[in-house]
>>> print(open('data.txt').read())   # compact mmCIF, C-alpha atoms
# COMPACT_ATOMS: atom_id res chain seq x y z
CA MET A 1133 300.07 16.94 80.63
CA SER A 1134 302.55 18.30 83.12
CA LEU A 1135 301.28 16.12 85.96
CA ARG A 1136 300.88 12.95 83.92
CA TRP A 1137 304.62 12.16 84.15
CA PHE A 1138 304.25 12.17 87.94
CA ALA A 1139 301.38 9.65 87.80
CA ASP A 1140 303.43 7.53 85.37
CA TRP A 1141 306.41 7.70 87.71
CA LEU A 1142 304.28 6.58 90.70
CA ASP A 1143 302.94 3.78 88.52
CA THR A 1144 306.47 2.40 88.04
CA HIS A 1145 306.84 1.87 91.80
CA ALA A 1146 306.68 -1.77 92.86
CA TRP A 1147 304.85 -0.70 96.04
CA SER A 1148 302.11 1.00 94.01
CA THR A 1149 301.40 -2.23 92.13
CA ALA A 1150 301.68 -4.29 95.32
CA LEU A 1151 299.15 -2.07 97.09
CA HIS A 1152 296.73 -2.15 94.16
CA GLU A 1153 296.89 -5.95 93.95
CA SER A 1154 297.01 -6.70 97.66
CA LEU A 1155 294.22 -8.90 98.98
CA TYR A 1156 293.69 -7.05 102.27
CA MET A 1157 295.76 -3.86 102.38
CA TYR A 1158 293.80 -2.01 99.69
CA PRO A 1159 290.37 -2.90 101.16
CA TYR A 1160 291.60 -1.95 104.66
CA ILE A 1161 292.80 1.45 103.44
CA GLU A 1162 289.60 1.97 101.46
CA THR A 1163 287.47 1.05 104.50
CA THR A 1164 289.45 3.44 106.70
CA HIS A 1165 288.90 6.13 104.05
CA VAL A 1166 285.12 5.52 104.14
CA LEU A 1167 284.85 5.28 107.93
CA GLY A 1168 286.98 8.43 108.19
CA LEU A 1169 284.05 10.27 106.57
CA THR A 1170 282.13 9.97 109.84
CA LEU A 1171 284.89 11.67 111.81
CA PHE A 1172 285.73 14.28 109.17
CA VAL A 1173 282.50 15.26 107.39
CA GLY A 1174 280.33 14.07 110.30
CA THR A 1175 281.90 16.30 112.94
CA LEU A 1176 282.25 19.15 110.42
CA ALA A 1177 278.49 18.84 109.78
CA ILE A 1178 277.89 19.36 113.52
CA VAL A 1179 279.88 22.62 113.40
CA ASP A 1180 278.14 23.72 110.18
CA LEU A 1181 274.70 22.93 111.66
CA ARG A 1182 275.58 25.12 114.63
CA MET A 1183 276.68 27.94 112.34
CA LEU A 1184 273.42 27.60 110.39
CA GLY A 1185 271.49 27.92 113.65
CA TYR A 1186 269.99 24.43 113.27
CA ALA A 1187 271.60 22.72 116.28
CA TYR A 1188 273.32 23.62 119.59
CA ARG A 1189 271.74 27.07 119.40
CA THR A 1190 272.46 27.79 123.08
CA THR A 1191 276.11 26.75 122.80
CA PRO A 1192 278.56 29.52 121.71
CA ILE A 1193 280.02 28.91 118.25
CA SER A 1194 283.52 29.29 119.74
CA THR A 1195 282.80 26.45 122.20
CA ILE A 1196 281.64 24.10 119.43
CA SER A 1197 284.58 25.08 117.21
CA GLN A 1198 287.26 24.65 119.87
CA SER A 1199 285.78 21.41 121.16
CA VAL A 1200 284.68 19.63 117.99
CA LEU A 1201 287.00 20.92 115.23
CA PRO A 1202 290.13 19.16 116.61
CA TRP A 1203 288.31 15.88 115.88
CA THR A 1204 287.46 17.16 112.41
CA VAL A 1205 291.17 17.82 111.85
CA ILE A 1206 292.05 14.27 112.95
CA GLY A 1207 289.39 13.03 110.53
CA PHE A 1208 290.89 15.13 107.73
CA VAL A 1209 294.38 13.75 108.38
CA ILE A 1210 292.97 10.20 108.18
CA MET A 1211 291.10 11.02 104.95
CA PHE A 1212 294.10 12.73 103.35
CA THR A 1213 296.59 10.00 104.29
CA THR A 1214 294.40 7.12 103.14
CA GLY A 1215 293.35 9.14 100.08
CA LEU A 1216 296.99 9.62 99.04
CA LEU A 1217 297.59 5.89 99.45
CA LEU A 1218 294.53 5.07 97.32
CA PHE A 1219 295.83 7.45 94.63
CA TYR A 1220 299.31 5.92 94.92
CA ALA A 1221 297.85 2.44 94.30
CA ILE A 1222 296.07 3.50 91.06
CA PRO A 1223 297.78 6.71 89.92
CA VAL A 1224 297.32 6.93 86.14
CA ARG A 1225 293.62 5.95 85.97
CA THR A 1226 292.78 8.18 88.94
CA TYR A 1227 294.71 11.10 87.39
CA HIS A 1228 292.51 10.83 84.27
CA SER A 1229 289.27 10.27 86.22
CA VAL A 1230 286.66 12.94 85.50
CA TRP A 1231 285.17 12.32 88.95
CA PHE A 1232 288.54 12.63 90.69
CA ARG A 1233 289.21 15.92 88.88
CA ILE A 1234 285.86 17.38 89.97
CA LYS A 1235 286.49 16.08 93.48
CA VAL A 1236 289.89 17.81 93.72
CA ILE A 1237 288.39 21.10 92.48
CA MET A 1238 285.63 20.80 95.11
CA ILE A 1239 288.20 20.15 97.86
CA VAL A 1240 290.14 23.25 96.76
CA LEU A 1241 286.91 25.30 96.82
CA ALA A 1242 286.09 23.92 100.28
CA ALA A 1243 289.57 24.92 101.47
CA ILE A 1244 289.11 28.45 100.08
CA ASN A 1245 285.70 28.63 101.78
CA ALA A 1246 287.23 27.50 105.10
CA ALA A 1247 290.08 30.02 104.78
CA HIS A 1248 287.58 32.78 103.93
CA TYR A 1249 285.67 31.97 107.11
CA HIS A 1250 288.78 31.70 109.26
CA TYR A 1251 290.58 34.85 108.05
CA ARG A 1252 287.64 37.13 107.18
CA ILE A 1253 284.21 36.21 108.48
CA SER A 1254 285.18 34.94 111.93
CA LYS A 1255 287.13 38.16 112.69
CA ASN A 1256 284.09 39.74 114.36
CA ARG A 1257 282.86 36.48 115.88
CA ILE A 1258 282.54 38.12 119.30
CA LEU A 1259 279.49 39.96 117.95
CA TRP A 1260 277.56 36.79 117.03
CA ASP A 1261 279.32 34.02 118.98
CA THR A 1262 276.34 33.35 121.25
CA SER A 1263 273.66 34.20 118.71
CA PRO A 1264 271.28 31.24 118.11
CA LYS A 1265 271.14 32.19 114.43
CA PRO A 1266 274.36 33.91 113.26
CA PRO A 1267 274.47 36.55 110.45
CA ARG A 1268 273.82 35.59 106.87
CA SER A 1269 277.50 35.63 105.85
CA VAL A 1270 278.27 33.00 108.51
CA ARG A 1271 275.34 30.82 107.50
CA MET A 1272 276.38 31.09 103.85
CA THR A 1273 279.88 29.70 104.51
CA ALA A 1274 278.39 26.86 106.57
CA ALA A 1275 275.94 26.02 103.78
CA ALA A 1276 278.74 26.19 101.19
CA SER A 1277 280.87 23.89 103.33
CA LEU A 1278 278.08 21.30 103.63
CA PHE A 1279 277.29 21.48 99.91
CA LEU A 1280 280.92 21.18 98.79
CA TRP A 1281 281.69 18.20 101.03
CA VAL A 1282 278.52 16.40 99.91
CA VAL A 1283 279.70 16.85 96.30
CA VAL A 1284 283.14 15.54 97.33
CA ILE A 1285 281.51 12.41 98.80
CA PHE A 1286 279.42 11.93 95.64
CA THR A 1287 282.25 12.38 93.16
CA GLY A 1288 284.61 10.37 95.35
CA ARG A 1289 282.27 7.38 95.30
CA MET A 1290 281.88 7.64 91.52
CA ILE A 1291 285.65 7.28 90.90
CA ALA A 1292 285.11 3.52 91.28
CA TYR A 1293 282.92 3.42 88.14
CA ASN A 1294 284.51 3.32 84.69
CA TRP A 1295 281.85 5.17 82.65
CA PHE A 1296 284.26 7.96 81.67
CA ASP A 1297 287.53 6.00 81.56
CA CYS A 1298 289.93 6.81 78.72
CA ASP A 1299 290.12 3.15 77.63
CA ARG A 1300 286.45 3.23 76.55
CA PRO A 1301 284.96 5.13 73.60
CA GLN A 1302 284.18 8.64 74.87
CA PRO A 1303 282.65 11.83 73.47
CA ASP A 1304 285.01 14.76 72.90
CA TRP A 1305 284.02 16.60 76.06
CA VAL A 1306 284.99 13.62 78.23
CA ILE A 1307 288.32 13.25 76.40
CA THR A 1308 288.97 16.94 77.04
CA ILE A 1309 288.02 16.92 80.72
CA ALA A 1310 289.77 13.61 81.41
CA GLY A 1311 292.84 14.70 79.46
CA CYS A 1312 292.92 11.38 77.63
CA VAL A 1313 296.07 10.84 75.52
CA LEU A 1314 294.63 9.98 72.10
CA ASP A 1315 297.64 7.90 70.94
CA GLU A 1316 297.11 5.62 73.93
CA VAL A 1317 293.40 5.32 73.22
CA ALA A 1318 294.11 4.47 69.56
CA SER A 1319 296.55 1.76 70.55
CA LEU A 1320 293.97 -0.03 72.69
CA MET B 143 259.22 -21.41 102.22
CA THR B 144 262.86 -21.10 103.24
CA LEU B 145 264.65 -17.86 104.07
CA LEU B 146 266.44 -18.10 100.73
CA ASP B 147 263.03 -18.20 99.01
CA VAL B 148 262.05 -15.02 100.84
CA PHE B 149 265.27 -13.33 99.71
CA GLN B 150 264.58 -14.54 96.16
CA ARG B 151 261.06 -13.03 96.23
CA LEU B 152 262.43 -9.74 97.59
CA GLU B 153 265.05 -9.57 94.85
CA GLU B 154 262.36 -10.15 92.21
CA MET B 155 260.36 -7.11 93.36
CA TRP B 156 260.13 -4.22 90.88
CA ILE B 157 262.31 -1.92 92.95
CA GLY B 158 265.30 -4.25 92.90
CA GLU B 159 264.69 -4.94 89.22
CA ALA B 160 264.66 -1.21 88.44
CA ILE B 161 267.98 -0.68 90.23
CA ARG B 162 269.62 -3.69 88.55
CA THR B 163 268.65 -2.59 85.05
CA SER B 164 269.78 1.01 85.58
CA TYR B 165 273.27 2.26 84.87
CA TRP B 166 273.17 5.10 87.39
CA LEU B 167 270.68 4.17 90.07
CA PHE B 168 272.84 1.90 92.23
CA PRO B 169 275.86 4.28 92.37
CA PHE B 170 273.58 7.27 92.91
CA ILE B 171 271.68 5.68 95.82
CA GLU B 172 274.96 4.39 97.21
CA ALA B 173 276.44 7.90 97.22
CA ILE B 174 273.44 9.21 99.19
CA HIS B 175 273.95 6.26 101.55
CA LEU B 176 277.51 7.55 102.11
CA VAL B 177 276.32 11.12 102.79
CA GLY B 178 273.91 9.63 105.33
CA LEU B 179 276.79 7.67 106.83
CA ALA B 180 278.77 10.87 107.37
CA LEU B 181 275.87 12.56 109.20
CA LEU B 182 274.99 9.41 111.15
CA GLY B 183 278.63 9.00 112.17
CA GLY B 184 278.97 12.66 113.15
CA THR B 185 275.89 12.62 115.38
CA VAL B 186 276.98 9.34 117.01
CA ILE B 187 280.59 10.48 117.47
CA VAL B 188 279.85 13.88 119.01
CA VAL B 189 277.55 12.34 121.65
CA ASP B 190 279.81 9.35 122.41
CA LEU B 191 282.94 11.51 122.63
CA ARG B 192 281.03 13.71 125.10
CA LEU B 193 280.16 10.63 127.15
CA LEU B 194 283.87 9.74 127.09
CA GLY B 195 284.71 13.28 128.24
CA LEU B 196 286.61 14.00 125.04
CA THR B 197 284.57 16.89 123.63
CA LEU B 198 282.14 19.64 124.79
CA ARG B 199 282.92 18.94 128.45
CA SER B 200 281.49 22.33 129.45
CA ARG B 201 278.04 21.29 128.14
CA PRO B 202 275.73 18.78 129.89
CA ALA B 203 275.75 15.37 128.17
CA ASN B 204 271.95 15.32 127.86
CA GLN B 205 272.02 18.68 126.02
CA VAL B 206 274.67 17.37 123.62
CA LEU B 207 272.42 14.35 122.95
CA LEU B 208 269.18 16.33 122.56
CA ASN B 209 270.75 18.62 119.95
CA ALA B 210 272.26 15.78 117.94
CA ARG B 211 269.26 13.45 118.13
CA PRO B 212 267.03 14.96 115.37
CA TYR B 213 269.95 14.73 112.92
CA PHE B 214 270.80 11.22 114.09
CA VAL B 215 267.19 10.17 113.35
CA LEU B 216 267.28 12.03 110.01
CA ALA B 217 270.52 10.26 109.08
CA LEU B 218 269.16 6.88 110.18
CA LEU B 219 266.05 7.38 108.03
CA THR B 220 268.27 8.36 105.08
CA MET B 221 270.28 5.17 105.60
CA PHE B 222 267.11 3.06 105.59
CA ALA B 223 265.59 4.87 102.60
CA THR B 224 268.76 4.21 100.58
CA GLY B 225 269.99 0.97 102.17
CA VAL B 226 266.75 -0.98 101.69
CA PRO B 227 266.58 -0.39 97.89
CA LEU B 228 270.30 -1.21 97.57
CA ALA B 229 269.75 -4.48 99.42
CA LEU B 230 266.62 -5.31 97.38
CA SER B 231 268.71 -5.15 94.21
CA GLU B 232 271.02 -7.96 95.35
CA MET B 233 269.25 -10.06 98.00
CA ILE B 234 270.67 -13.41 96.84
CA LYS B 235 274.24 -12.08 96.93
CA LEU B 236 273.62 -10.71 100.43
CA TYR B 237 272.16 -14.03 101.60
CA TYR B 238 275.58 -15.60 101.00
CA ASN B 239 277.54 -12.54 102.20
CA PHE B 240 278.91 -12.95 105.74
CA SER B 241 279.70 -9.23 106.12
CA TRP B 242 276.07 -8.34 105.44
CA TRP B 243 274.82 -10.67 108.19
CA VAL B 244 277.36 -9.13 110.59
CA LYS B 245 276.20 -5.66 109.56
CA ILE B 246 272.47 -6.36 109.88
CA SER B 247 272.69 -8.11 113.24
CA THR B 248 275.01 -5.45 114.68
CA LEU B 249 272.72 -2.76 113.29
CA GLY B 250 269.78 -4.26 115.18
CA ILE B 251 271.80 -4.34 118.39
CA ALA B 252 273.11 -0.80 117.84
CA ILE B 253 269.60 0.63 117.27
CA LEU B 254 268.19 -1.12 120.36
CA PHE B 255 271.20 -0.05 122.43
CA THR B 256 270.94 3.57 121.27
CA PHE B 257 267.21 4.04 121.81
CA PHE B 258 266.63 1.80 124.84
CA VAL B 259 269.92 1.97 126.75
CA ARG B 260 272.15 4.90 125.79
CA ASN B 261 269.61 7.66 125.20
CA PRO B 262 267.37 6.97 128.25
CA ILE B 263 270.37 6.74 130.59
CA VAL B 264 271.95 9.93 129.21
CA LEU B 265 268.65 11.85 129.36
CA ARG B 266 267.90 10.73 132.95
CA ASP B 267 271.13 12.50 133.84
CA ASN B 268 272.03 10.63 137.05
CA ALA B 269 274.55 8.05 135.83
CA SER B 270 278.18 8.14 136.94
CA SER B 271 280.82 9.40 134.53
CA VAL B 272 282.31 5.90 134.36
CA THR B 273 278.94 4.45 133.30
CA LEU B 274 278.51 7.18 130.68
CA ALA B 275 282.02 6.61 129.33
CA PHE B 276 281.38 2.87 129.06
CA ILE B 277 278.09 3.50 127.22
CA GLY B 278 279.86 5.86 124.82
CA LEU B 279 282.54 3.29 124.09
CA VAL B 280 280.01 0.49 123.47
CA SER B 281 278.01 2.76 121.14
CA LEU B 282 281.11 3.71 119.13
CA VAL B 283 282.20 0.06 118.78
CA LEU B 284 278.70 -1.01 117.70
CA TRP B 285 278.21 1.72 115.10
CA PHE B 286 281.71 1.42 113.66
CA THR B 287 281.22 -2.34 113.36
CA VAL B 288 278.03 -1.66 111.36
CA ALA B 289 279.85 0.80 109.09
CA GLY B 290 282.97 -1.34 108.64
CA ALA B 291 281.01 -4.53 107.93
CA GLY B 292 278.83 -2.49 105.56
CA ARG B 293 281.83 -1.39 103.52
CA TRP B 294 283.16 -4.94 103.57
CA ILE B 295 280.01 -6.25 101.79
CA GLY B 296 281.54 -4.95 98.57
CA PHE B 297 284.86 -6.72 99.11
CA SER B 298 283.76 -10.16 100.25
>>> encode(input="data.txt", output="C-alpha cells")
Amino acid sequence: MSLRWFADWLDTHAWSTALHESLYMYPYIETTHVLGLTLFVGTLAIVDLRMLGYAYRTTPISTISQSVLPWTVIGFVIMFTTGLLLFYAIPVRTYHSVWFRIKVIMIVLAAINAAHYHYRISKNRILWDTSPKPPRSVRMTAAASLFLWVVVIFTGRMIAYNWFDCDRPQPDWVITIAGCVLDEVASL
Amino acid sequence: MTLLDVFQRLEEMWIGEAIRTSYWLFPFIEAIHLVGLALLGGTVIVVDLRLLGLTLRSRPANQVLLNARPYFVLALLTMFATGVPLALSEMIKLYYNFSWWVKISTLGIAILFTFFVRNPIVLRDNASSVTLAFIGLVSLVLWFTVAGAGRWIGFS
C-alpha cells in the first residue's frame, strides 16, 4: 500500500473535491480527455497503419513520422494532462480500480514498445523507409502499438463502472488485484 | 403517430431490450464506439490538417485523402454499427436530450459535407490553397462538434 497514502493525501485537497463535484469543470475535462483520443490514438493509428503497410504505402515512413507524430505528441500531452486531473478529482477510488490498474500497465507496455521501436528497430530504417510493406519486426511493433492502445481505450472507459469497486462484495481475486483494504470494507 | 411514438417503438425493439437487460453489453459496445471514434478522428484530422497545410505538406492533398478514406469509411461504419444499438437502448432519453439532437443533426451535415463537398473538391485537385484550408477548418469544426455533443449526451 505504498501509493495509497499518496491517493489519500490528494483526496484531502479541497481542489480535488471541488473538481469532482463541479457542475461543468469535470465534464469539460472528461470531454477533452475523450476528444483527445482522436488526436492521440487517431494520428498514431495513421502512423501504425503506414508501418503495417496498410496505408500511405508510397510515402516514406520517415515522412509520415516527422509530419504526423508531432500531432500525436500534442495529443498525448492533452491526454496525460486531462488524465492527471481526472485522477486528481477521484484519487482513492481510481487508485483501487481494477480497470485503471490494467490501463496503467498497458500504457507502460505501450511506452516500452515505443522505446523499443525508437532505440532498436528504427536504427536501420534507411533500409526499409520507402518499402510499401516494411520488415516483420516493424509491423509487429505497429500491431502491438495498435493493440495496446485499443486495450487502454477499453479499460479506460470501464473505470466509470463500479462492478469491481472495493465498497461492494467482491471475490478474493478482485480484492487482491484492486488492493482493497479489508478493514475499510468491513466498516462499510 | 408522433415522433415520440416512433422513438418509443424503437426503444421497445428486441435489440434495445437486450442491451438494457445486460450488465456488460452497453459498456462493451460503448468502448468499441470509442475505438471507432479514435480512428474516425485520426482519419479526419490527418486530411484536414493537410488541407490547412499543417502536416504532410510534401504529399499531394488528394493522395493524403485517398489513403485515409478507406479507414475513414471503416471507422464510420464502426460508429454506426455500435452507435445505433446504443441509441436503440435509450430512445426516450435521447428524445429529450438536447445534446443528442445537436449531435445527430451535425452528424448529418458533416457526412454530407465530407462526401459531397470536401472529398470531391480535394480529389478534383484544382482548388486554391485558401479554399482547401477553409474546407479543412469547416470539416474539423463539424466533426469535433459531433464528438463533443456525443460525449455530452451522458452529462446532460
>>> residues_around(input="data.txt", residues="Leu198 in chain B", least_positions_apart="6", cutoff="9 Å", atoms="all atoms listed in the file", output="PyMOL selection string")
(chain A and resi 1195-1196+1198-1200) or (chain B and resi 188+191-192+206)
>>> residues_around(input="data.txt", residues="range 267-274 of chain B", least_positions_apart="5", cutoff="9 Å", atoms="only C-alpha atoms", output="PDB file with C-alpha atoms, keeping the file's coordinate frame")
ATOM      1  CA  ASP B 190     279.810   9.350 122.410  1.00  0.00           C
ATOM      2  CA  ARG B 192     281.030  13.710 125.100  1.00  0.00           C
ATOM      3  CA  LEU B 193     280.160  10.630 127.150  1.00  0.00           C
ATOM      4  CA  LEU B 194     283.870   9.740 127.090  1.00  0.00           C
ATOM      5  CA  GLY B 195     284.710  13.280 128.240  1.00  0.00           C
ATOM      6  CA  PRO B 202     275.730  18.780 129.890  1.00  0.00           C
ATOM      7  CA  ALA B 203     275.750  15.370 128.170  1.00  0.00           C
ATOM      8  CA  ASN B 204     271.950  15.320 127.860  1.00  0.00           C
ATOM      9  CA  ARG B 260     272.150   4.900 125.790  1.00  0.00           C
ATOM     10  CA  PRO B 262     267.370   6.970 128.250  1.00  0.00           C
ATOM     11  CA  LEU B 279     282.540   3.290 124.090  1.00  0.00           C
TER      12      LEU B 279
END
>>> interface_residues(input="data.txt", of="chain A", to="chain B", cutoff="9 Å", atoms="all atoms listed in the file", output="tab-separated table (two decimals) with C-alpha atoms, in the frame of the given file")
chain	number	residue	atom	x	y	z
A	1159	PRO	CA	290.37	-2.90	101.16
A	1162	GLU	CA	289.60	1.97	101.46
A	1163	THR	CA	287.47	1.05	104.50
A	1164	THR	CA	289.45	3.44	106.70
A	1166	VAL	CA	285.12	5.52	104.14
A	1167	LEU	CA	284.85	5.28	107.93
A	1168	GLY	CA	286.98	8.43	108.19
A	1169	LEU	CA	284.05	10.27	106.57
A	1170	THR	CA	282.13	9.97	109.84
A	1171	LEU	CA	284.89	11.67	111.81
A	1172	PHE	CA	285.73	14.28	109.17
A	1173	VAL	CA	282.50	15.26	107.39
A	1174	GLY	CA	280.33	14.07	110.30
A	1175	THR	CA	281.90	16.30	112.94
A	1176	LEU	CA	282.25	19.15	110.42
A	1177	ALA	CA	278.49	18.84	109.78
A	1178	ILE	CA	277.89	19.36	113.52
A	1186	TYR	CA	269.99	24.43	113.27
A	1187	ALA	CA	271.60	22.72	116.28
A	1188	TYR	CA	273.32	23.62	119.59
A	1189	ARG	CA	271.74	27.07	119.40
A	1191	THR	CA	276.11	26.75	122.80
A	1195	THR	CA	282.80	26.45	122.20
A	1196	ILE	CA	281.64	24.10	119.43
A	1198	GLN	CA	287.26	24.65	119.87
A	1199	SER	CA	285.78	21.41	121.16
A	1200	VAL	CA	284.68	19.63	117.99
A	1203	TRP	CA	288.31	15.88	115.88
A	1282	VAL	CA	278.52	16.40	99.91
A	1285	ILE	CA	281.51	12.41	98.80
A	1286	PHE	CA	279.42	11.93	95.64
A	1287	THR	CA	282.25	12.38	93.16
A	1288	GLY	CA	284.61	10.37	95.35
A	1289	ARG	CA	282.27	7.38	95.30
A	1290	MET	CA	281.88	7.64	91.52
A	1293	TYR	CA	282.92	3.42	88.14
>>> axis_aligned_box(input="data.txt", around="range 249-268 of chain B", padding_each_side="6 Å", output="lines of an AutoDock Vina configuration file")
center_x = 269.9
center_y = 4.1
center_z = 125.2
size_x = 18.5
size_y = 28.8
size_z = 35.8
>>> closest_residue(input="data.txt", among="B:Met143, B:Ile161, B:Ile253, B:Ile277", to="Phe214 in chain B", atoms="all atoms listed in the file")
B:Ile253
>>> atom_distance(input="data.txt", atom1="CA of Leu167 in chain B", atom2="CA of Arg1233 in chain A")
22.0 Å
>>> residues_near_point(input="data.txt", point="(269.1, 0.5, 99.1)", cutoff="10 Å", atoms="only C-alpha atoms", output="list in words")
Ile157, Gly158, Ile161, Leu167, Phe168, Ile171, Glu172, Ile174, His175, Thr220, Met221, Phe222, Ala223, Thr224, Gly225, Val226, Pro227, Leu228, Ala229, Leu230, Ser231 and Glu232 of chain B
>>> atom_distance(input="data.txt", atom1="CA of Ala1310 in chain A", atom2="CA of His1152 in chain A")
21.4 Å
>>> residues_around(input="data.txt", residues="Thr1214 in chain A", least_positions_apart="2", cutoff="6 Å", atoms="all atoms listed in the file", output="PyMOL selection string")
chain A and resi 1161+1165+1211-1212+1216-1217
>>> write_last_selection(input="data.txt", atoms="C-alpha atoms", output="mmCIF file, in the frame of the given file")
data_model
loop_
_atom_site.group_PDB
_atom_site.id
_atom_site.type_symbol
_atom_site.label_atom_id
_atom_site.label_comp_id
_atom_site.auth_asym_id
_atom_site.auth_seq_id
_atom_site.Cartn_x
_atom_site.Cartn_y
_atom_site.Cartn_z
ATOM 1 C CA ILE A 1161 292.800 1.450 103.440
ATOM 2 C CA HIS A 1165 288.900 6.130 104.050
ATOM 3 C CA MET A 1211 291.100 11.020 104.950
ATOM 4 C CA PHE A 1212 294.100 12.730 103.350
ATOM 5 C CA LEU A 1216 296.990 9.620 99.040
ATOM 6 C CA LEU A 1217 297.590 5.890 99.450
#
>>> atom_distance(input="data.txt", atom1="CA of Ala1246 in chain A", atom2="CA of Val1205 in chain A")
12.4 Å
>>> closest_residue(input="data.txt", among="A:Ala1247, A:Gly1215, A:Asp1180, A:Trp1137", to="Leu1201 in chain A", atoms="all atoms listed in the file")
A:Asp1180
>>> closest_residue(input="data.txt", among="A:Ala1221, A:Ile1244, A:Ile1239, A:Val1284", to="Ser1154 in chain A", atoms="all atoms listed in the file")
A:Ala1221
>>> residues_near_point(input="data.txt", point="(297.0, 6.6, 87.7)", cutoff="10 Å", atoms="all atoms listed in the file", output="JSON, numbers by chain")
{"A": [1136, 1138, 1139, 1140, 1141, 1142, 1143, 1148, 1219, 1220, 1221, 1222, 1223, 1224, 1225, 1226, 1227, 1228, 1229]}
